[in-house]
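A short write-up of the structure that comes next.
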Amino acid sequence: MEISMNKVVGSLKEAIRLSGLKDGMTVSFHHHLRNGDCVINLVMDAIAEYGLKDITIAPSSIFPVHAPIIEHMKSSVITHIDTDYISGPVGEAVSSGILEKPVMLRTHGGRPRAILEGSLHIDVAFIAAPTSDDMGNINGVNGPSACGSLGYAMPDALKADKVIAVTDTLVPYPNTPISITQSNVDYVVEVSSIGESSGIVSGTTQITTDPVGNIIARKAADVIEISGLMKEGMSFQTGAGGASLATAMYVKEKMINKKISGSFGLGGITEFFVNMLQIGLFKTLIDVQCFDIAAVKSLRENPNHIEVSSSFYANPSAKSCTVDKLDVVVLGAMEIDTSFNVNVLTNSNGIIMGGSGGHSDAACGAKLTVIVANLLRSRLPTVVDSVITKVTPGHTVDVLVTEIGIAVNPKQAELKKRLFDAGLPAVEIEYLKEKAERIAGKAEKVTFTEDTVAIVEYRDGTIIDRVFKPFENGQ
Amino acid sequence: MLFVPGISPGMIQNAGILGADSIIFDLEDSVPYDEKDAARILVRNALQSLDYGSCERMIRINSTDYTDWQLDIRESIKSMPDAYVIPKTENETMILEVERVIDESDRDTTFIDIIPLIENARGVECCDKILNSSSRIRTVLFGAEDYATDIGATRTKEGIEIAYARSRIVNAAAAAGIEAIDTPFVDVEDIDGLKKDSITARNMGFKGKALISPKHCMIVKNVFTPSLEEVENALRIIAATKQAKQQGKGAIRVDGKMIDAPIVKRALDILKKANIDGDFYE
Amino acid sequence: MILNHSSKAGSLESNDLLVLLTPLKAGNGIQIEINSIVKKQFGNRIMDITREVINSMNIKDIKVIIQDRGALDCTIKARLETAIKRGIGEVNK
């Protein structure tokens, strides 16, 4: 007797029907198509047309391209969001209190923890698949909407009740290579396009041309060298922002001069890191997300560039995770306070414009966490008495590098001494805060209502802070 | 010496941390005609309110054939700049006019220097007289771009067309006991070219280089700061000279080379540039 | 002092501000409109500085529109002073 296994379904609406999605359930998405993603909007439109309401969406991140879902938030199709990062209009909408239930904000390591332990239960996972075969073997390295690593989709594929592959490139069976296997996929839907490739590799991966950013990057590279961690076998990660990437440039120069090579580069992989792999400055690239075409190509072609799941990357409840093997991470900050707590979630007006992403995870795991930031950005101080939102706790942050000076966390006495001996003395972080005030004047504090618009969960599941709705102008 | 356009508040307020020893806030070529009033006030205010740390603060005023050039000095003198850079300096009269305006101020202007910027043929011809025309002159700046245009030469990276002017100015500066600073390298992206040009300038006797891009600060600093090897060598020479004096010896050798007065002086210069107290020998 | 004609100074570059001045008939007083990317944090301060500069130059009737992009106090004062001087005297030739 022939059991026909036909996973390929004619439309998203049909897939939604077959998945058994009902009011009140949770759907999830990955964010590897970044600001070029079409899938979240397509699926949510289909869910709305299908007549469902009270849906929780759990995308690993939200970008400006997802602004259309605000309509679904207004009409209660979407009543709850569970994510690691929100930028653009959706963030502003959340901050304005458009949802009754506070948004849940996790980290890139906390999300797989929550999924795998069951506290974030996913009913239906929609996995944007740059290529898929008719059984749902998926990879992200081929196809017109290739995005590289599918690390953030892997826990969803494993644990969701139903998994639907959404692809624009159906290929003959068996698809190779395989990142998400058919063993976890229920249905496959073909759409005309899952993403806009220029948007997929968007945004934050340009090395800064700002001369101040360059000064900071140079200093940060010096700090890393002086820390003693710049030696044979060093492992290294940078954030996606301009000054972080510029720091990588100066670190690379020093590694070449000192004739040392690193063990692995981690991230968030960009062309820059791919180049370091190619010239032998890293033995391996561990890739949970590709930021540009060069990274996608390298993942496809270089056996030393490996794809890993978000759990492998940063899940603190897994038997082990890579961030714990990290020597140095260079990250940015919206705000940092005198206890070294970092805010990368809300801007100086208290509006949601980001989120931890992997920030808290990498800061926690790395031996040396370096924050690079301009002391003043358009008159607003980066160093404050108390951050508006605490995302990465101060005890995981080791040193702050600004154009005015370097501040070392008091618990890093050894590093402080090394810097002093090397002729690069650190200053107190309070001094930086006061200096910013002297230059720009004292900023009035933004005031908040009592309405919680988001809950901030630390990677281990504890609640580290809440985001409140700011008062409107004039109140 | 980094030029910063006087019309950009963003660049003006960040100038102090870019790694330059001196900042030249420009009111001349980088400021369009209809913004010169704005630049004057912007620069004056910035110098009065902002902390530039250990950077010297200088102002390039408009040339003395511009109607309101005196306002450039009168407005800004309240903020006590360290020096005024005088573009297109071609004779001592210009320097004396500038000095007269500075002296009119009721502030204590003792420590305000005048830096002639020599950037045309007449300036090069008269550089000796110019550099000796005022006790406020302790530095001279050479501007190759305008100079090459003035003499009808084609500007090249190798700089053969400006070799004479460079040497002449270095010579005049040395004779007058002041420092000569070389022209900026105008190709912002050509870092190798910048290095070569800076080394040429240093070898010719310039004590530093003017810059138009913050990107160039580190490279130029490295070229003009003596290397560890040069410093160690200089320290050895000074130590040997001291020892010889104590022992009543006359001629001495270090590393097989005869050490005479000019070599000792060069060693002291190197230590001075490296900011090391050479424990001077008399 | 009286503003003889409308004037402006500054730009919309980062860390700068655009100041637009319009003379008003005697008795209309000082009208100030401030738009700023850092309005919540420095809006009041910008207002105070604007009043201070206008009063120090003895101007009684004027409309001021400011579009601020995070300028420091010294820049705000500079742009106000420039715009006022332009509005009073001959436009810079």
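Residues in the structure tokens are numbered from 1 in each chain, the chains being A, B, ... in the order shown, and ligands are numbered from 1 in the order shown.
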
Identify, on the basis of only C-alpha atoms, every residue whose closest approach to Asn15 (chain C) does not exceed 8 Å; exclude the query and any residue fewer than 6 positions from it along the same chain; express the result as a short mmCIF file (atom, residue, chain, number, x, y, z; two decimals) with N, CA, C and O atoms, in the first residue's frame.
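And here's selection-v9.cif as it stands now:
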```
data_model
loop_
_atom_site.label_atom_id
_atom_site.label_comp_id
_atom_site.auth_asym_id
_atom_site.auth_seq_id
_atom_site.Cartn_x
_atom_site.Cartn_y
_atom_site.Cartn_z
N SER A 378 24.97 63.27 19.09
CA SER A 378 23.99 64.36 18.93
C SER A 378 23.60 64.93 20.28
O SER A 378 22.43 65.00 20.62
N ARG A 379 24.58 65.31 21.05
CA ARG A 379 24.41 65.96 22.35
C ARG A 379 23.96 65.02 23.47
O ARG A 379 23.98 65.39 24.63
N PRO B 9 30.06 72.86 12.99
CA PRO B 9 30.06 72.70 14.45
C PRO B 9 30.47 71.28 14.86
O PRO B 9 31.17 71.10 15.84
N GLY B 10 30.02 70.29 14.09
CA GLY B 10 30.34 68.90 14.40
C GLY B 10 31.84 68.67 14.42
O GLY B 10 32.39 68.07 15.35
N ASP C 68 16.71 72.19 15.60
CA ASP C 68 17.97 71.79 16.23
C ASP C 68 18.31 70.32 15.98
O ASP C 68 17.43 69.46 16.06
N ARG C 69 19.60 70.08 15.69
CA ARG C 69 20.04 68.71 15.47
C ARG C 69 21.11 68.34 16.49
O ARG C 69 22.14 67.76 16.16
N GLY C 70 20.86 68.70 17.73
CA GLY C 70 21.78 68.30 18.80
C GLY C 70 22.97 69.22 18.96
O GLY C 70 24.07 68.76 19.28
N ALA C 71 22.76 70.53 18.74
CA ALA C 71 23.87 71.48 18.86
C ALA C 71 24.18 71.77 20.32
O ALA C 71 23.30 71.80 21.17
N LEU C 72 25.47 72.02 20.60
CA LEU C 72 25.88 72.41 21.95
C LEU C 72 25.49 73.87 22.20
O LEU C 72 25.24 74.62 21.25
#
```

Show me, as number ranges by chain, the residues that have an atom within 10 Å of region 272-276 of chain A when counting only C-alpha atoms, minus same-chain residues fewer than 3 positions from it.
A: 205-207, 236-238, 245-246, 248-249, 252, 261-262, 264-269, 279-285, 292, 294-299, 302, 305

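Using only C-alpha atoms, the residues found no farther than 10 Å from His5 (chain C), other than those of its own chain fewer than 5 positions away, are C:Leu21, C:Thr22, C:Pro23, C:Leu24, C:Ile84, C:Arg86, C:Gly87, C:Ile88, C:Gly89, C:Glu90, C:Val91.
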
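Taking CA of Gly20 (chain A) and CA of Asp82 (chain A) as endpoints, the distance between them is 20.8 Å.
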
So that each row is one residue of chain A with an atom at most 8 Å from chain B, can you give its shortest atom pair and the distance in Å to one decimal, using only C-alpha atoms, rows by chain and rising number, as a Markdown table?
```
| residue | atom | partner | partner_atom | distance |
| --- | --- | --- | --- | --- |
| A:Pro211 | CA | B:Pro214 | CA | 6.4 |
| A:Val212 | CA | B:Leu18 | CA | 6.8 |
| A:Ile215 | CA | B:Leu18 | CA | 6.9 |
| A:Glu403 | CA | B:Ile17 | CA | 6.6 |
| A:Ile404 | CA | B:Ile17 | CA | 7.0 |
| A:Ile439 | CA | B:Leu50 | CA | 7.0 |
```

Output N, CA, C and O atoms for every residue in that selection, as a CSV table (one decimal), in the first residue's frame.
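Full text of part-v2.csv as output:
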```csv
chain,number,residue,atom,x,y,z
A,211,PRO,N,35.5,59.8,11.9
A,211,PRO,CA,36.9,59.9,12.5
A,211,PRO,C,36.9,59.6,14.0
A,211,PRO,O,37.8,59.0,14.5
A,212,VAL,N,35.8,60.0,14.7
A,212,VAL,CA,35.8,59.8,16.1
A,212,VAL,C,35.6,58.3,16.4
A,212,VAL,O,36.3,57.7,17.2
A,215,ILE,N,39.0,56.6,16.1
A,215,ILE,CA,39.9,56.8,17.3
A,215,ILE,C,39.5,55.8,18.3
A,215,ILE,O,40.3,55.2,19.0
A,403,GLU,N,35.9,58.1,23.0
A,403,GLU,CA,36.9,59.0,22.5
A,403,GLU,C,37.6,59.8,23.6
A,403,GLU,O,38.7,60.3,23.4
A,404,ILE,N,36.9,60.0,24.7
A,404,ILE,CA,37.5,60.8,25.7
A,404,ILE,C,38.3,60.0,26.7
A,404,ILE,O,39.3,60.5,27.3
A,439,ILE,N,30.4,69.0,28.7
A,439,ILE,CA,30.4,69.4,27.3
A,439,ILE,C,29.0,69.7,26.8
A,439,ILE,O,28.8,70.8,26.1
```

Expressed in Å, the length from CA of Arg79 (chain C) to CA of Leu17 (chain C) is 7.5 Å

Can you pull out the residues contacting Met5 (chain A)? Cut-off 10 Å, using only C-alpha atoms, and skip same-chain residues under 3 positions away; I want them as a PyMOL selection string. chain A and resi 2+8+134-135+186

Using only C-alpha atoms and a distance of at most 12 Å, pull out the residues of chain C that contact chain A, as a ChimeraX atom specification.
/C:13-17,35-46,49,68-76

Give me the residues of chain B that have any atom at most 10 Å from an atom of chain C; for each, the nearest atom pair and the distance in Å, rounded to one decimal. Use only C-alpha atoms, sort by chain and number, and format it as a tab-separated table.
```
residue	atom	partner	partner_atom	distance
B:Ile7	CA	C:Gly10	CA	8.7
B:Ser8	CA	C:Asp16	CA	7.8
B:Pro9	CA	C:Asp16	CA	5.9
B:Gly10	CA	C:Asn15	CA	5.2
B:Met11	CA	C:Asn15	CA	9.0
B:Ile12	CA	C:Thr75	CA	9.9
B:Gln13	CA	C:Leu72	CA	8.6
B:Tyr33	CA	C:Lys93	CA	7.4
B:Asp34	CA	C:Asn92	CA	5.9
B:Glu35	CA	C:Asn92	CA	8.0
B:Lys36	CA	C:Asn92	CA	8.1
B:Asp37	CA	C:Thr82	CA	7.0
B:Ala38	CA	C:Thr82	CA	5.6
B:Ala39	CA	C:Ala78	CA	8.8
B:Arg40	CA	C:Ala78	CA	9.1
B:Ile41	CA	C:Ala78	CA	5.6
B:Leu42	CA	C:Ala78	CA	5.2
B:Val43	CA	C:Ala78	CA	8.6
B:Arg44	CA	C:Ala78	CA	8.5
B:Asn45	CA	C:Cys74	CA	5.5
B:Ala46	CA	C:Cys74	CA	6.1
B:Leu47	CA	C:Cys74	CA	9.3
B:Gln48	CA	C:Cys74	CA	8.4
B:Ser49	CA	C:Cys74	CA	6.6
B:Leu50	CA	C:Cys74	CA	8.3
B:Thr67	CA	C:Lys93	CA	10.0
```

Quiz item: as number ranges by chain, which residues of region 61-240 of chain B does DSSP assign to strand (DSSP E)?
Solution: B: 83-86, 113-118, 139-142, 179-182, 208-209

What lies within 12 Å of Pro410 (chain A) using only C-alpha atoms, ignoring chain neighbours under 3 positions off, as a PDB file with N, CA, C and O atoms, in the first residue's frame?
```pdb
ATOM      1  N   THR A 338      26.902  54.036  35.469  1.00  0.00           N
ATOM      2  CA  THR A 338      28.130  54.016  36.260  1.00  0.00           C
ATOM      3  C   THR A 338      28.369  52.664  36.933  1.00  0.00           C
ATOM      4  O   THR A 338      29.402  52.450  37.543  1.00  0.00           O
ATOM      5  N   SER A 339      27.380  51.746  36.818  1.00  0.00           N
ATOM      6  CA  SER A 339      27.639  50.370  37.268  1.00  0.00           C
ATOM      7  C   SER A 339      27.950  49.464  36.089  1.00  0.00           C
ATOM      8  O   SER A 339      27.952  48.235  36.232  1.00  0.00           O
ATOM      9  N   PHE A 340      28.156  50.058  34.920  1.00  0.00           N
ATOM     10  CA  PHE A 340      28.490  49.328  33.701  1.00  0.00           C
ATOM     11  C   PHE A 340      27.325  48.527  33.113  1.00  0.00           C
ATOM     12  O   PHE A 340      27.525  47.712  32.215  1.00  0.00           O
ATOM     13  N   GLY A 394      25.964  44.881  34.489  1.00  0.00           N
ATOM     14  CA  GLY A 394      27.300  45.438  34.608  1.00  0.00           C
ATOM     15  C   GLY A 394      28.389  44.438  34.958  1.00  0.00           C
ATOM     16  O   GLY A 394      29.533  44.592  34.537  1.00  0.00           O
ATOM     17  N   HIS A 395      28.037  43.389  35.694  1.00  0.00           N
ATOM     18  CA  HIS A 395      29.099  42.469  36.107  1.00  0.00           C
ATOM     19  C   HIS A 395      29.651  41.653  34.922  1.00  0.00           C
ATOM     20  O   HIS A 395      30.695  41.014  35.036  1.00  0.00           O
ATOM     21  N   THR A 396      28.964  41.715  33.771  1.00  0.00           N
ATOM     22  CA  THR A 396      29.489  41.003  32.592  1.00  0.00           C
ATOM     23  C   THR A 396      30.242  41.935  31.644  1.00  0.00           C
ATOM     24  O   THR A 396      30.733  41.508  30.602  1.00  0.00           O
ATOM     25  N   VAL A 397      30.328  43.219  32.007  1.00  0.00           N
ATOM     26  CA  VAL A 397      30.979  44.198  31.132  1.00  0.00           C
ATOM     27  C   VAL A 397      32.305  44.614  31.752  1.00  0.00           C
ATOM     28  O   VAL A 397      32.351  44.995  32.920  1.00  0.00           O
ATOM     29  N   ASP A 398      33.381  44.531  30.996  1.00  0.00           N
ATOM     30  CA  ASP A 398      34.700  44.753  31.569  1.00  0.00           C
ATOM     31  C   ASP A 398      35.279  46.137  31.319  1.00  0.00           C
ATOM     32  O   ASP A 398      35.912  46.726  32.184  1.00  0.00           O
ATOM     33  N   VAL A 399      35.098  46.643  30.119  1.00  0.00           N
ATOM     34  CA  VAL A 399      35.728  47.928  29.834  1.00  0.00           C
ATOM     35  C   VAL A 399      34.929  48.713  28.807  1.00  0.00           C
ATOM     36  O   VAL A 399      34.334  48.146  27.891  1.00  0.00           O
ATOM     37  N   LEU A 400      34.886  50.041  29.014  1.00  0.00           N
ATOM     38  CA  LEU A 400      34.224  50.947  28.089  1.00  0.00           C
ATOM     39  C   LEU A 400      35.275  51.818  27.411  1.00  0.00           C
ATOM     40  O   LEU A 400      36.114  52.420  28.094  1.00  0.00           O
ATOM     41  N   ALA A 407      37.230  53.430  30.548  1.00  0.00           N
ATOM     42  CA  ALA A 407      36.826  53.141  31.927  1.00  0.00           C
ATOM     43  C   ALA A 407      36.816  51.631  32.130  1.00  0.00           C
ATOM     44  O   ALA A 407      36.276  50.896  31.306  1.00  0.00           O
ATOM     45  N   ALA A 413      40.746  44.589  38.237  1.00  0.00           N
ATOM     46  CA  ALA A 413      41.925  45.307  38.720  1.00  0.00           C
ATOM     47  C   ALA A 413      43.172  44.999  37.892  1.00  0.00           C
ATOM     48  O   ALA A 413      43.994  45.871  37.619  1.00  0.00           O
ATOM     49  N   GLU A 414      43.300  43.747  37.472  1.00  0.00           N
ATOM     50  CA  GLU A 414      44.471  43.337  36.694  1.00  0.00           C
ATOM     51  C   GLU A 414      44.543  44.119  35.381  1.00  0.00           C
ATOM     52  O   GLU A 414      45.594  44.633  34.988  1.00  0.00           O
ATOM     53  N   LEU A 415      43.403  44.223  34.705  1.00  0.00           N
ATOM     54  CA  LEU A 415      43.353  44.941  33.431  1.00  0.00           C
ATOM     55  C   LEU A 415      43.687  46.407  33.645  1.00  0.00           C
ATOM     56  O   LEU A 415      44.438  47.010  32.876  1.00  0.00           O
ATOM     57  N   LYS A 416      43.161  46.972  34.711  1.00  0.00           N
ATOM     58  CA  LYS A 416      43.420  48.375  35.029  1.00  0.00           C
ATOM     59  C   LYS A 416      44.927  48.613  35.192  1.00  0.00           C
ATOM     60  O   LYS A 416      45.488  49.570  34.667  1.00  0.00           O
ATOM     61  N   LYS A 417      45.567  47.690  35.897  1.00  0.00           N
ATOM     62  CA  LYS A 417      46.999  47.826  36.133  1.00  0.00           C
ATOM     63  C   LYS A 417      47.772  47.704  34.818  1.00  0.00           C
ATOM     64  O   LYS A 417      48.680  48.474  34.538  1.00  0.00           O
ATOM     65  N   ALA A 426      43.379  54.224  32.650  1.00  0.00           N
ATOM     66  CA  ALA A 426      41.925  54.306  32.602  1.00  0.00           C
ATOM     67  C   ALA A 426      41.461  55.448  33.494  1.00  0.00           C
ATOM     68  O   ALA A 426      42.195  55.901  34.374  1.00  0.00           O
ATOM     69  N   VAL A 427      40.239  55.922  33.230  1.00  0.00           N
ATOM     70  CA  VAL A 427      39.631  56.928  34.108  1.00  0.00           C
ATOM     71  C   VAL A 427      38.423  56.291  34.772  1.00  0.00           C
ATOM     72  O   VAL A 427      37.965  55.231  34.354  1.00  0.00           O
ATOM     73  N   GLU A 428      37.904  56.949  35.795  1.00  0.00           N
ATOM     74  CA  GLU A 428      36.685  56.450  36.431  1.00  0.00           C
ATOM     75  C   GLU A 428      35.513  56.683  35.495  1.00  0.00           C
ATOM     76  O   GLU A 428      35.469  57.691  34.788  1.00  0.00           O
ATOM     77  N   ILE A 429      34.551  55.775  35.513  1.00  0.00           N
ATOM     78  CA  ILE A 429      33.407  55.943  34.621  1.00  0.00           C
ATOM     79  C   ILE A 429      32.598  57.174  35.003  1.00  0.00           C
ATOM     80  O   ILE A 429      31.990  57.816  34.145  1.00  0.00           O
ATOM     81  N   GLU A 430      32.647  57.538  36.304  1.00  0.00           N
ATOM     82  CA  GLU A 430      31.951  58.765  36.736  1.00  0.00           C
ATOM     83  C   GLU A 430      32.569  59.982  36.056  1.00  0.00           C
ATOM     84  O   GLU A 430      31.858  60.928  35.711  1.00  0.00           O
TER      85      GLU A 430
END
```

Find the residues near Lys13 (chain A): any atom within 8 Å, counting only C-alpha atoms, skip ones fewer than 5 places away on the same chain, and give them as a count of residues only.
3

Practice problem: Could you give me, as a ChimeraX atom specification, the residues within 9 Å of Arg459 (chain A), counting only C-alpha atoms and dropping anything in the same chain fewer than 5 positions from it? | Solution: /A:106-111,113,314-316,360-361
